[in-house]
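**Q** Next comes model-v1.pdb, PDB, C-alpha atoms (C1' of nucleotides):
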ATOM      1  CA  MET Z   1     -19.173   2.932 -18.243
ATOM      2  CA  SER Z   2     -22.709   3.359 -19.633
ATOM      3  CA  SER Z   3     -26.056   4.102 -18.000
ATOM      4  CA  LYS Z   4     -24.625   5.532 -14.819
ATOM      5  CA  GLN Z   5     -27.261   6.112 -12.226
ATOM      6  CA  LYS Z   6     -25.045   6.011  -9.197
ATOM      7  CA  LYS Z   7     -26.141   6.347  -5.637
ATOM      8  CA  SER Z   8     -25.055   9.982  -5.678
ATOM      9  CA  THR Z   9     -21.749   9.320  -4.042
ATOM     10  CA  LYS Z  10     -21.482  11.974  -1.448
ATOM     11  CA  TYR Z  11     -18.935  12.416   1.246
ATOM     12  CA  ASN Z  12     -21.721  14.209   2.952
ATOM     13  CA  GLN Z  13     -21.326  17.985   2.937
ATOM     14  CA  ALA Z  14     -23.361  18.370   6.090
ATOM     15  CA  THR Z  15     -21.253  15.824   7.886
ATOM     16  CA  LEU Z  16     -17.902  17.243   6.829
ATOM     17  CA  ALA Z  17     -15.276  16.933   9.494
ATOM     18  CA  THR Z  18     -17.543  15.387  12.053
ATOM     19  CA  PRO Z  19     -15.296  13.019  13.918
ATOM     20  CA  LYS Z  20     -16.493   9.575  14.859
ATOM     21  CA  ASN Z  21     -17.797   9.278  18.381
ATOM     22  CA  PHE Z  22     -17.024  12.896  19.033
ATOM     23  CA  LEU Z  23     -20.079  13.296  21.212
ATOM     24  CA  VAL Z  24     -18.587  10.890  23.746
ATOM     25  CA  PRO Z  25     -15.616  12.911  24.999
ATOM     26  CA  ILE Z  26     -17.657  16.098  25.147
ATOM     27  CA  MET Z  27     -20.405  14.369  27.067
ATOM     28  CA  LEU Z  28     -17.874  13.008  29.526
ATOM     29  CA  LEU Z  29     -16.094  16.330  29.844
ATOM     30  CA  LEU Z  30     -19.323  18.167  30.559
ATOM     31  CA  LEU Z  31     -20.475  15.500  32.995
ATOM     32  CA  ARG Z  32     -17.142  15.735  34.768
ATOM     33  CA  ASP Z  33     -17.937  19.355  35.563
ATOM     34  CA  PHE Z  34     -21.723  19.266  35.874
ATOM     35  CA  ASN Z  35     -24.224  16.722  37.129
ATOM     36  CA  VAL Z  36     -27.151  17.219  34.843
ATOM     37  CA  HIS Z  37     -29.856  15.321  33.019
ATOM     38  CA  GLY Z  38     -29.775  14.478  29.346
ATOM     39  CA  TYR Z  39     -31.956  17.242  28.067
ATOM     40  CA  GLU Z  40     -29.825  19.816  29.837
ATOM     41  CA  LEU Z  41     -26.597  18.155  28.769
ATOM     42  CA  ARG Z  42     -27.706  18.210  25.184
ATOM     43  CA  LYS Z  43     -28.289  21.955  25.401
ATOM     44  CA  LYS Z  44     -24.823  22.393  26.843
ATOM     45  CA  MET Z  45     -23.348  20.452  23.956
ATOM     46  CA  ILE Z  46     -25.041  22.684  21.454
ATOM     47  CA  GLN Z  47     -23.717  25.697  23.348
ATOM     48  CA  PHE Z  48     -20.340  24.019  23.192
ATOM     49  CA  GLY Z  49     -20.433  24.404  19.444
ATOM     50  CA  ILE Z  50     -21.805  21.138  18.127
ATOM     51  CA  GLU Z  51     -24.580  22.459  15.986
ATOM     52  CA  THR Z  52     -26.423  19.208  15.411
ATOM     53  CA  VAL Z  53     -26.869  16.759  18.245
ATOM     54  CA  ASP Z  54     -29.371  14.159  17.155
ATOM     55  CA  GLN Z  55     -31.709  13.609  20.070
ATOM     56  CA  GLY Z  56     -32.197   9.919  19.400
ATOM     57  CA  ASN Z  57     -28.530   9.081  19.119
ATOM     58  CA  PHE Z  58     -27.771  11.311  22.026
ATOM     59  CA  TYR Z  59     -29.927   9.448  24.528
ATOM     60  CA  ARG Z  60     -28.904   6.112  23.086
ATOM     61  CA  LEU Z  61     -25.264   7.018  23.607
ATOM     62  CA  LEU Z  62     -25.919   8.133  27.154
ATOM     63  CA  ARG Z  63     -27.513   4.804  27.984
ATOM     64  CA  LYS Z  64     -24.602   2.991  26.398
ATOM     65  CA  LEU Z  65     -22.127   5.021  28.395
ATOM     66  CA  GLU Z  66     -24.026   4.011  31.491
ATOM     67  CA  GLU Z  67     -24.133   0.383  30.428
ATOM     68  CA  ASP Z  68     -20.360   0.528  30.143
ATOM     69  CA  ALA Z  69     -20.018   2.154  33.544
ATOM     70  CA  MET Z  70     -18.625   5.407  32.219
ATOM     71  CA  VAL Z  71     -21.479   7.299  33.836
ATOM     72  CA  THR Z  72     -24.199   6.589  36.370
ATOM     73  CA  SER Z  73     -27.655   8.039  36.643
ATOM     74  CA  GLU Z  74     -30.520   8.312  39.031
ATOM     75  CA  TRP Z  75     -34.066   9.445  38.541
ATOM     76  CA  ASP Z  76     -35.052  12.830  39.796
ATOM     77  CA  THR Z  77     -38.782  13.235  40.323
ATOM     78  CA  THR Z  78     -38.619  16.093  42.801
ATOM     79  CA  ALA Z  79     -39.027  18.830  40.223
ATOM     80  CA  GLY Z  80     -42.164  19.288  38.148
ATOM     81  CA  GLY Z  81     -42.435  17.999  34.622
ATOM     82  CA  PRO Z  82     -41.270  14.650  33.281
ATOM     83  CA  ALA Z  83     -38.857  12.650  35.422
ATOM     84  CA  LYS Z  84     -35.204  13.276  34.718
ATOM     85  CA  ARG Z  85     -32.180  11.054  34.839
ATOM     86  CA  ILE Z  86     -29.382  12.929  36.540
ATOM     87  CA  TYR Z  87     -26.059  11.734  35.187
ATOM     88  CA  SER Z  88     -22.608  11.839  36.690
ATOM     89  CA  ILE Z  89     -19.264  10.536  35.542
ATOM     90  CA  THR Z  90     -17.528   7.545  37.167
ATOM     91  CA  GLU Z  91     -13.848   6.836  37.789
ATOM     92  CA  THR Z  92     -13.832   4.638  34.703
ATOM     93  CA  GLY Z  93     -15.427   7.453  32.794
ATOM     94  CA  GLU Z  94     -12.747   9.905  33.862
ATOM     95  CA  GLN Z  95     -10.025   7.506  32.798
ATOM     96  CA  TYR Z  96     -11.729   7.021  29.508
ATOM     97  CA  LEU Z  97     -11.952  10.777  29.095
ATOM     98  CA  ASP Z  98      -8.187  10.988  29.639
ATOM     99  CA  LEU Z  99      -7.694   8.401  26.913
ATOM    100  CA  TRP Z 100      -9.836  10.468  24.626
ATOM    101  CA  ALA Z 101      -7.899  13.607  25.484
ATOM    102  CA  ASN Z 102      -4.664  11.961  24.391
ATOM    103  CA  SER Z 103      -6.247  10.829  21.205
ATOM    104  CA  LEU Z 104      -7.729  14.234  20.475
ATOM    105  CA  GLY Z 105      -4.369  15.797  21.198
ATOM    106  CA  GLU Z 106      -2.817  13.655  18.488
ATOM    107  CA  TYR Z 107      -5.519  14.694  16.156
ATOM    108  CA  GLN Z 108      -5.008  18.325  16.991
ATOM    109  CA  LYS Z 109      -1.389  18.007  15.950
ATOM    110  CA  MET Z 110      -2.465  16.594  12.621
ATOM    111  CA  LEU Z 111      -4.863  19.455  12.129
ATOM    112  CA  ASN Z 112      -2.119  21.969  12.766
ATOM    113  CA  GLN Z 113       0.046  20.134  10.267
ATOM    114  CA  PHE Z 114      -2.814  20.174   7.799
ATOM    115  CA  PHE Z 115      -3.223  23.919   8.047
ATOM    116  CA  THR Z 116       0.483  24.573   7.941
ATOM    117  CA  MET Z 117       0.560  22.765   4.629
ATOM    118  CA  TYR Z 118      -2.763  24.088   3.410
ATOM    119  CA  ASN Z 119      -1.906  27.655   4.016
ATOM    120  CA  PRO Z 120       1.676  28.576   4.892
ATOM    121  CA  PHE Z 121       0.433  31.848   6.356
ATOM    122  CA  PHE Z 122      -1.628  29.987   8.856
ATOM    123  CA  SER Z 123      -0.890  30.156  12.515
ATOM    124  CA  PRO Z 124      -3.398  29.202  15.193
ATOM    125  CA  PHE Z 125      -5.351  32.083  16.727
ATOM    126  CA  SER Z 126      -4.563  34.304  13.779
ATOM    127  CA  PHE Z 127      -6.080  32.551  10.806
ATOM    128  CA  VAL Z 128      -5.302  34.341   7.572
ATOM    129  CA  PRO Z 129      -7.426  33.260   4.621
ATOM    130  CA  LYS Z 130      -5.558  31.850   1.655
ATOM    131  CA  THR Z 131      -4.814  34.359  -1.086
ATOM    132  CA  GLU Z 132      -4.684  33.795  -4.814
ATOM    133  CA  ASP Z 133      -1.010  34.801  -4.802
ATOM    134  CA  SER Z 134      -0.077  31.961  -2.539
ATOM    135  CA  LYS Z 135      -0.885  29.281  -5.072
ATOM    136  CA  GLU Z 136       1.178  30.229  -8.084
ATOM    137  CA  GLU Z 137       3.803  27.499  -8.223
ATOM    138  CA  GLN Z 138       1.835  24.813 -10.023
ATOM    139  CA  GLU Z 139       4.373  21.875 -10.190
TER     140      GLU Z 139
ATOM    141  CA  MET J 140     -32.528  -7.137  32.273
ATOM    142  CA  SER J 141     -31.469 -10.775  32.682
ATOM    143  CA  SER J 142     -29.086 -12.966  30.691
ATOM    144  CA  LYS J 143     -26.952 -10.191  29.321
ATOM    145  CA  GLN J 144     -24.685 -11.356  26.563
ATOM    146  CA  LYS J 145     -24.192  -8.069  24.817
ATOM    147  CA  LYS J 146     -22.248  -7.484  21.671
ATOM    148  CA  SER J 147     -19.385  -6.087  23.750
ATOM    149  CA  THR J 148     -20.301  -2.493  23.141
ATOM    150  CA  LYS J 149     -17.058  -0.836  22.426
ATOM    151  CA  TYR J 150     -16.351   2.658  21.287
ATOM    152  CA  ASN J 151     -13.295   1.138  19.777
ATOM    153  CA  GLN J 152     -10.092   2.110  21.500
ATOM    154  CA  ALA J 153      -8.181   1.837  18.267
ATOM    155  CA  THR J 154     -10.675   4.046  16.510
ATOM    156  CA  LEU J 155     -10.755   6.783  19.135
ATOM    157  CA  ALA J 156     -10.914  10.208  17.625
ATOM    158  CA  THR J 157     -10.674   9.052  14.049
ATOM    159  CA  PRO J 158     -12.614  11.677  12.165
ATOM    160  CA  LYS J 159     -15.024  10.630   9.504
ATOM    161  CA  ASN J 160     -13.719  10.960   5.977
ATOM    162  CA  PHE J 161     -10.515  12.452   7.254
ATOM    163  CA  LEU J 162      -8.499  10.717   4.572
ATOM    164  CA  VAL J 163     -10.225  12.813   1.929
ATOM    165  CA  PRO J 164      -8.873  16.281   2.772
ATOM    166  CA  ILE J 165      -5.383  14.953   3.362
ATOM    167  CA  MET J 166      -5.430  13.092   0.067
ATOM    168  CA  LEU J 167      -6.535  16.230  -1.716
ATOM    169  CA  LEU J 168      -4.019  18.405   0.068
ATOM    170  CA  LEU J 169      -1.155  16.074  -0.798
ATOM    171  CA  LEU J 170      -2.333  15.739  -4.379
ATOM    172  CA  ARG J 171      -2.517  19.506  -4.624
ATOM    173  CA  ASP J 172       1.220  19.620  -3.966
ATOM    174  CA  PHE J 173       2.383  16.353  -5.548
ATOM    175  CA  ASN J 174       1.318  14.327  -8.548
ATOM    176  CA  VAL J 175       1.843  10.785  -7.406
ATOM    177  CA  HIS J 176       0.331   7.338  -7.652
ATOM    178  CA  GLY J 177      -1.728   5.700  -4.937
ATOM    179  CA  TYR J 178       0.943   3.576  -3.384
ATOM    180  CA  GLU J 179       3.208   6.584  -3.031
ATOM    181  CA  LEU J 180       0.405   8.788  -1.775
ATOM    182  CA  ARG J 181      -0.465   6.258   0.856
ATOM    183  CA  LYS J 182       3.093   6.321   2.134
ATOM    184  CA  LYS J 183       2.967  10.100   2.305
ATOM    185  CA  MET J 184      -0.209   9.919   4.328
ATOM    186  CA  ILE J 185       1.409   7.618   6.828
ATOM    187  CA  GLN J 186       4.345  10.032   7.030
ATOM    188  CA  PHE J 187       1.785  12.756   7.557
ATOM    189  CA  GLY J 188       0.825  11.108  10.803
ATOM    190  CA  ILE J 189      -2.096   8.864   9.992
ATOM    191  CA  GLU J 190      -0.860   5.631  11.433
ATOM    192  CA  THR J 191      -3.387   3.299   9.854
ATOM    193  CA  VAL J 192      -4.475   3.793   6.274
ATOM    194  CA  ASP J 193      -6.435   0.766   5.181
ATOM    195  CA  GLN J 194      -5.191  -0.126   1.735
ATOM    196  CA  GLY J 195      -8.524  -1.333   0.430
ATOM    197  CA  ASN J 196     -10.505   1.666   1.541
ATOM    198  CA  PHE J 197      -7.732   3.933   0.444
ATOM    199  CA  TYR J 198      -7.869   2.877  -3.202
ATOM    200  CA  ARG J 199     -11.635   2.732  -3.139
ATOM    201  CA  LEU J 200     -11.717   6.302  -1.896
ATOM    202  CA  LEU J 201      -9.283   7.421  -4.594
ATOM    203  CA  ARG J 202     -11.486   5.905  -7.290
ATOM    204  CA  LYS J 203     -14.506   7.572  -5.766
ATOM    205  CA  LEU J 204     -12.760  10.924  -5.718
ATOM    206  CA  GLU J 205     -11.998  10.421  -9.386
ATOM    207  CA  GLU J 206     -15.569   9.394 -10.125
ATOM    208  CA  ASP J 207     -16.643  12.669  -8.557
ATOM    209  CA  ALA J 208     -14.132  14.655 -10.584
ATOM    210  CA  MET J 209     -12.121  15.748  -7.565
ATOM    211  CA  VAL J 210      -9.023  14.153  -9.034
ATOM    212  CA  THR J 211      -7.945  12.706 -12.379
ATOM    213  CA  SER J 212      -5.524   9.926 -13.136
ATOM    214  CA  GLU J 213      -3.612   8.411 -15.974
ATOM    215  CA  TRP J 214      -1.717   5.187 -16.250
ATOM    216  CA  ASP J 215       2.038   5.310 -16.151
ATOM    217  CA  THR J 216       3.688   2.272 -17.677
ATOM    218  CA  THR J 217       7.063   3.865 -18.436
ATOM    219  CA  ALA J 218       8.708   2.741 -15.212
ATOM    220  CA  GLY J 219       9.304  -0.904 -14.359
ATOM    221  CA  GLY J 220       6.990  -2.846 -12.077
ATOM    222  CA  PRO J 221       3.202  -2.815 -12.065
ATOM    223  CA  ALA J 222       1.457   0.000 -13.902
ATOM    224  CA  LYS J 223       0.691   3.019 -11.757
ATOM    225  CA  ARG J 224      -2.129   5.491 -11.809
ATOM    226  CA  ILE J 225      -0.712   8.979 -11.445
ATOM    227  CA  TYR J 226      -3.218  11.213  -9.736
ATOM    228  CA  SER J 227      -3.645  14.935  -9.760
ATOM    229  CA  ILE J 228      -6.211  17.266  -8.268
ATOM    230  CA  THR J 229      -8.814  19.110 -10.351
ATOM    231  CA  GLU J 230     -10.330  22.569  -9.957
ATOM    232  CA  THR J 231     -13.369  20.971  -8.368
ATOM    233  CA  GLY J 232     -11.067  19.092  -6.079
ATOM    234  CA  GLU J 233      -9.326  22.260  -4.966
ATOM    235  CA  GLN J 234     -12.639  23.899  -4.231
ATOM    236  CA  TYR J 235     -13.721  20.886  -2.267
ATOM    237  CA  LEU J 236     -10.468  21.024  -0.340
ATOM    238  CA  ASP J 237     -11.230  24.626   0.563
ATOM    239  CA  LEU J 238     -14.624  23.539   1.837
ATOM    240  CA  TRP J 239     -12.941  20.926   3.941
ATOM    241  CA  ALA J 240     -10.474  23.445   5.276
ATOM    242  CA  ASN J 241     -13.289  25.630   6.549
ATOM    243  CA  SER J 242     -14.924  22.688   8.171
ATOM    244  CA  LEU J 243     -11.707  21.502   9.768
ATOM    245  CA  GLY J 244     -11.104  25.023  11.013
ATOM    246  CA  GLU J 245     -14.400  24.909  12.846
ATOM    247  CA  TYR J 246     -13.456  21.623  14.320
ATOM    248  CA  GLN J 247     -10.112  22.948  15.406
ATOM    249  CA  LYS J 248     -11.863  25.655  17.365
ATOM    250  CA  MET J 249     -13.921  23.020  19.127
ATOM    251  CA  LEU J 250     -10.817  21.064  19.969
ATOM    252  CA  ASN J 251      -9.205  24.122  21.489
ATOM    253  CA  GLN J 252     -12.340  24.677  23.508
ATOM    254  CA  PHE J 253     -12.278  21.071  24.607
ATOM    255  CA  PHE J 254      -8.732  21.322  25.897
ATOM    256  CA  THR J 255      -9.332  24.658  27.552
ATOM    257  CA  MET J 256     -12.066  23.011  29.553
ATOM    258  CA  TYR J 257     -10.300  19.688  29.993
ATOM    259  CA  ASN J 258      -7.151  21.237  31.323
ATOM    260  CA  PRO J 259      -7.148  24.937  32.195
ATOM    261  CA  PHE J 260      -3.362  24.966  31.933
ATOM    262  CA  PHE J 261      -3.571  23.991  28.334
ATOM    263  CA  SER J 262      -2.426  26.308  25.630
ATOM    264  CA  PRO J 263      -1.580  25.207  22.102
ATOM    265  CA  PHE J 264       2.108  24.593  21.357
ATOM    266  CA  SER J 265       2.848  24.331  25.030
ATOM    267  CA  PHE J 266       0.803  21.410  26.151
ATOM    268  CA  VAL J 267       1.102  20.826  29.855
ATOM    269  CA  PRO J 268      -0.162  17.438  30.994
ATOM    270  CA  LYS J 269      -2.895  17.523  33.572
ATOM    271  CA  THR J 270      -1.664  17.172  37.125
ATOM    272  CA  GLU J 271      -3.374  15.528  40.072
ATOM    273  CA  ASP J 272      -3.528  18.903  41.821
ATOM    274  CA  SER J 273      -5.664  20.384  39.091
ATOM    275  CA  LYS J 274      -8.618  18.148  39.797
ATOM    276  CA  GLU J 275      -9.286  18.735  43.467
ATOM    277  CA  GLU J 276     -12.562  20.586  43.417
ATOM    278  CA  GLN J 277     -14.947  17.650  43.065
ATOM    279  CA  GLU J 278     -18.423  19.344  42.997
TER     280      GLU J 278
ATOM    281  C1'  DT N 279      12.726 -23.216 -12.894
ATOM    282  C1'  DG N 280      10.122 -22.313  -8.668
ATOM    283  C1'  DC N 281       9.718 -19.568  -4.539
ATOM    284  C1'  DT N 282       9.528 -15.243  -1.951
ATOM    285  C1'  DT N 283       9.132 -10.436  -1.422
ATOM    286  C1'  DA N 284       8.047  -5.658  -2.708
ATOM    287  C1'  DT N 285       5.315  -2.945  -5.493
ATOM    288  C1'  DA N 286       0.805  -1.631  -7.207
ATOM    289  C1'  DT N 287      -4.252  -1.750  -7.500
ATOM    290  C1'  DG N 288      -8.139  -3.322  -6.322
ATOM    291  C1'  DT N 289     -13.145  -6.220  -4.449
ATOM    292  C1'  DG N 290     -16.390  -8.334  -0.946
ATOM    293  C1'  DT N 291     -18.573  -7.996   3.091
ATOM    294  C1'  DA N 292     -19.303  -7.562   8.125
ATOM    295  C1'  DA N 293     -19.193  -4.409  11.830
ATOM    296  C1'  DT N 294     -19.879   0.346  13.403
ATOM    297  C1'  DA N 295     -21.722   4.780  13.563
ATOM    298  C1'  DT N 296     -24.973   8.161  12.251
ATOM    299  C1'  DA N 297     -29.192  10.278  10.329
ATOM    300  C1'  DC N 298     -33.818  10.500  10.130
ATOM    301  C1'  DA N 299     -38.328   9.360  11.348
ATOM    302  C1'  DC N 300     -41.140   8.253  14.868
ATOM    303  C1'  DC N 301     -43.096   7.192  19.857
ATOM    304  C1'  DT N 302     -44.399   8.045  24.970
ATOM    305  C1'  DA N 303     -45.215  10.906  28.812
ATOM    306  C1'  DT N 304     -45.696  15.228  32.061
ATOM    307  C1'  DG N 305     -46.859  19.774  32.904
ATOM    308  C1'  DT N 306     -48.078  24.843  31.421
ATOM    309  C1'  DG N 307     -50.861  28.125  29.382
ATOM    310  C1'  DA N 308     -54.273  29.874  25.729
TER     311       DA N 308
ATOM    312  C1'  DT G 309     -58.791  20.479  24.705
ATOM    313  C1'  DC G 310     -55.122  21.721  22.072
ATOM    314  C1'  DA G 311     -50.536  23.256  21.312
ATOM    315  C1'  DC G 312     -46.076  23.426  23.048
ATOM    316  C1'  DA G 313     -41.877  22.830  25.860
ATOM    317  C1'  DT G 314     -39.668  19.464  28.452
ATOM    318  C1'  DA G 315     -37.789  14.734  29.060
ATOM    319  C1'  DG G 316     -36.402  10.295  27.376
ATOM    320  C1'  DG G 317     -36.442   7.199  24.327
ATOM    321  C1'  DT G 318     -36.932   3.070  19.783
ATOM    322  C1'  DG G 319     -36.549   1.395  14.741
ATOM    323  C1'  DT G 320     -34.163   1.220  10.867
ATOM    324  C1'  DA G 321     -31.890   2.793   6.592
ATOM    325  C1'  DT G 322     -27.688   4.653   5.197
ATOM    326  C1'  DA G 323     -22.849   5.863   5.571
ATOM    327  C1'  DT G 324     -18.324   4.730   6.940
ATOM    328  C1'  DT G 325     -14.738   1.761   8.324
ATOM    329  C1'  DA G 326     -12.325  -2.594   9.309
ATOM    330  C1'  DC G 327     -10.816  -6.793   7.889
ATOM    331  C1'  DA G 328      -9.981 -10.376   4.766
ATOM    332  C1'  DC G 329      -8.843 -11.507   0.374
ATOM    333  C1'  DA G 330      -7.681 -11.176  -5.006
ATOM    334  C1'  DT G 331      -4.762  -9.874  -9.001
ATOM    335  C1'  DA G 332      -0.635  -8.649 -11.442
ATOM    336  C1'  DT G 333       4.452  -7.225 -12.388
ATOM    337  C1'  DA G 334       9.112  -7.488 -11.494
ATOM    338  C1'  DA G 335      13.410  -8.459  -8.814
ATOM    339  C1'  DG G 336      16.315 -11.602  -5.990
ATOM    340  C1'  DC G 337      17.944 -15.979  -5.088
ATOM    341  C1'  DA G 338      18.585 -21.095  -4.509
TER     342       DA G 338
END
Kindly transcribe the structure held in the file into structure tokens.
**A**
Amino acid sequence: MSSKQKKSTKYNQATLATPKNFLVPIMLLLLRDFNVHGYELRKKMIQFGIETVDQGNFYRLLRKLEEDAMVTSEWDTTAGGPAKRIYSITETGEQYLDLWANSLGEYQKMLNQFFTMYNPFFSPFSFVPKTEDSKEEQE
Amino acid sequence: MSSKQKKSTKYNQATLATPKNFLVPIMLLLLRDFNVHGYELRKKMIQFGIETVDQGNFYRLLRKLEEDAMVTSEWDTTAGGPAKRIYSITETGEQYLDLWANSLGEYQKMLNQFFTMYNPFFSPFSFVPKTEDSKEEQE
DNA sequence: TGCTTATATGTGTAATATACACCTATGTGA
DNA sequence: TCACATAGGTGTATATTACACATATAAGCA
């Protein structure tokens, strides 16, 4: 227990509550409704509420989704500027999205349970911040 | 593009929608309400709805939480069987839990948004599965 | 006694996923 | 010609998780 110079153990503050692979279902959902290129899609995702979408990982993921036949793309050189890959979702992709939706639904239930236990006054769509009074019974 | 023998690229089915570090807030929440040992806590987490809680990672995480002063523990040798570490949350831990709660709240909003877009008939607490009819307009 | 099972707490390490830094290229406008 | 927005990436270190395995105590039972 001496000379501790740990690797600053951090369950990264910035990364709090970022679910694994969460970009995937949102990408698929957006591509189900819009046929767009990556750069545009990425903007949509940020609008969606994901504040940080790493550009590198984003494109890498898109290519992987294509490799796995979840989406297809074709080059668009008609417009000015750099060539774009226009993406669209496939049947497989839609099925995969449905799988994700089930999974996210499960997770949503757990979140509701979490908040019910965290703050008994909680109910979705009317979040009441926890008061000091509500944590008196201390075991 | 020849001789593809990829590493079977899989956004793991089993791991779908497993949020990063999700064990942490649930551990803290449960420890806020109960002073228990790891083995017991793990059972509670499974009851909570987390189907797979890897034992190894679980204990490792507990020790890390203690190392970071989120929880404290003391050995209990009064009961029969192997000695147990009884855990309880600290002030720091409670504050960290609050941080997590905010973060999870944000995420919950995104989930609601996801489902609103995924299935327009969706509303929380009355989930209506997507019908075939609802996906006719195909761009 | 020896064997099995449940309880209880861990370690080692490979596979995955993500963050962060960096690269290439086209077109617009100052 | 230089900066900047658009567009699409690669390399790699770090973080997180999965999976296999290790240790120890006690109870049941043949």
**Q** What residues come out when you apply the PyMOL selection byres ((chain G) within 9 of (chain J)) to this file, written as a VMD selection string?
**A** chain G and resid 324 to 326 332 to 334
**Q** Enumerate, as a PyMOL selection string, the residues matched when the PyMOL selection byres ((chain J and resi 197-211) around 10) is run on the file above.
**A** (chain Z and resi 8-11) or (chain J and resi 160+162-163+166-167+170-171+177-178+180-181+192-196+212-213+224-236) or (chain N and resi 287-289)
**Q** Atoms to include: C-alpha atoms (C1' of nucleotides). Write the selected residues as a compact mmCIF listing (two decimals), in the frame of the given file.
**A**
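Just written: selection_21.txt:
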# COMPACT_ATOMS: atom_id res chain seq x y z
CA SER Z 8 -25.06 9.98 -5.68
CA THR Z 9 -21.75 9.32 -4.04
CA LYS Z 10 -21.48 11.97 -1.45
CA TYR Z 11 -18.93 12.42 1.25
CA ASN J 160 -13.72 10.96 5.98
CA LEU J 162 -8.50 10.72 4.57
CA VAL J 163 -10.22 12.81 1.93
CA MET J 166 -5.43 13.09 0.07
CA LEU J 167 -6.54 16.23 -1.72
CA LEU J 170 -2.33 15.74 -4.38
CA ARG J 171 -2.52 19.51 -4.62
CA GLY J 177 -1.73 5.70 -4.94
CA TYR J 178 0.94 3.58 -3.38
CA LEU J 180 0.40 8.79 -1.78
CA ARG J 181 -0.46 6.26 0.86
CA VAL J 192 -4.47 3.79 6.27
CA ASP J 193 -6.44 0.77 5.18
CA GLN J 194 -5.19 -0.13 1.74
CA GLY J 195 -8.52 -1.33 0.43
CA ASN J 196 -10.50 1.67 1.54
CA SER J 212 -5.52 9.93 -13.14
CA GLU J 213 -3.61 8.41 -15.97
CA ARG J 224 -2.13 5.49 -11.81
CA ILE J 225 -0.71 8.98 -11.44
CA TYR J 226 -3.22 11.21 -9.74
CA SER J 227 -3.64 14.94 -9.76
CA ILE J 228 -6.21 17.27 -8.27
CA THR J 229 -8.81 19.11 -10.35
CA GLU J 230 -10.33 22.57 -9.96
CA THR J 231 -13.37 20.97 -8.37
CA GLY J 232 -11.07 19.09 -6.08
CA GLU J 233 -9.33 22.26 -4.97
CA GLN J 234 -12.64 23.90 -4.23
CA TYR J 235 -13.72 20.89 -2.27
CA LEU J 236 -10.47 21.02 -0.34
C1' DT N 287 -4.25 -1.75 -7.50
C1' DG N 288 -8.14 -3.32 -6.32
C1' DT N 289 -13.14 -6.22 -4.45
**Q** Find the smallest box with edges along x, y and z containing every listed atom of region 54-60 of chain Z, then add 8 Å on each side and report centre and edge lengths in Å to one decimal, as JSON.
**A**
{"center_x": -30.0, "center_y": 10.1, "center_z": 20.8, "size_x": 20.4, "size_y": 24.0, "size_z": 23.4}
**Q** Assuming the chain letters and numbering stay as they are in my file, what does the PyMOL selection byres ((chain N) within 12 of (chain J)) actually select? List them as a list in words.
**A**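 The output of the PyMOL selection byres ((chain N) within 12 of (chain J)) on this file is DA284, DT285, DA286, DT287, DG288, DT289, DG290, DA293, DT294, DA295 and DT296 of chain N.
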**Q** Please measure the separation of CA of Phe161 (chain J) and CA of Val175 (chain J), giving the value in Å to one decimal.
**A**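 According to the coordinates, CA of Phe161 (chain J) and CA of Val175 (chain J) are separated by 19.2 Å.
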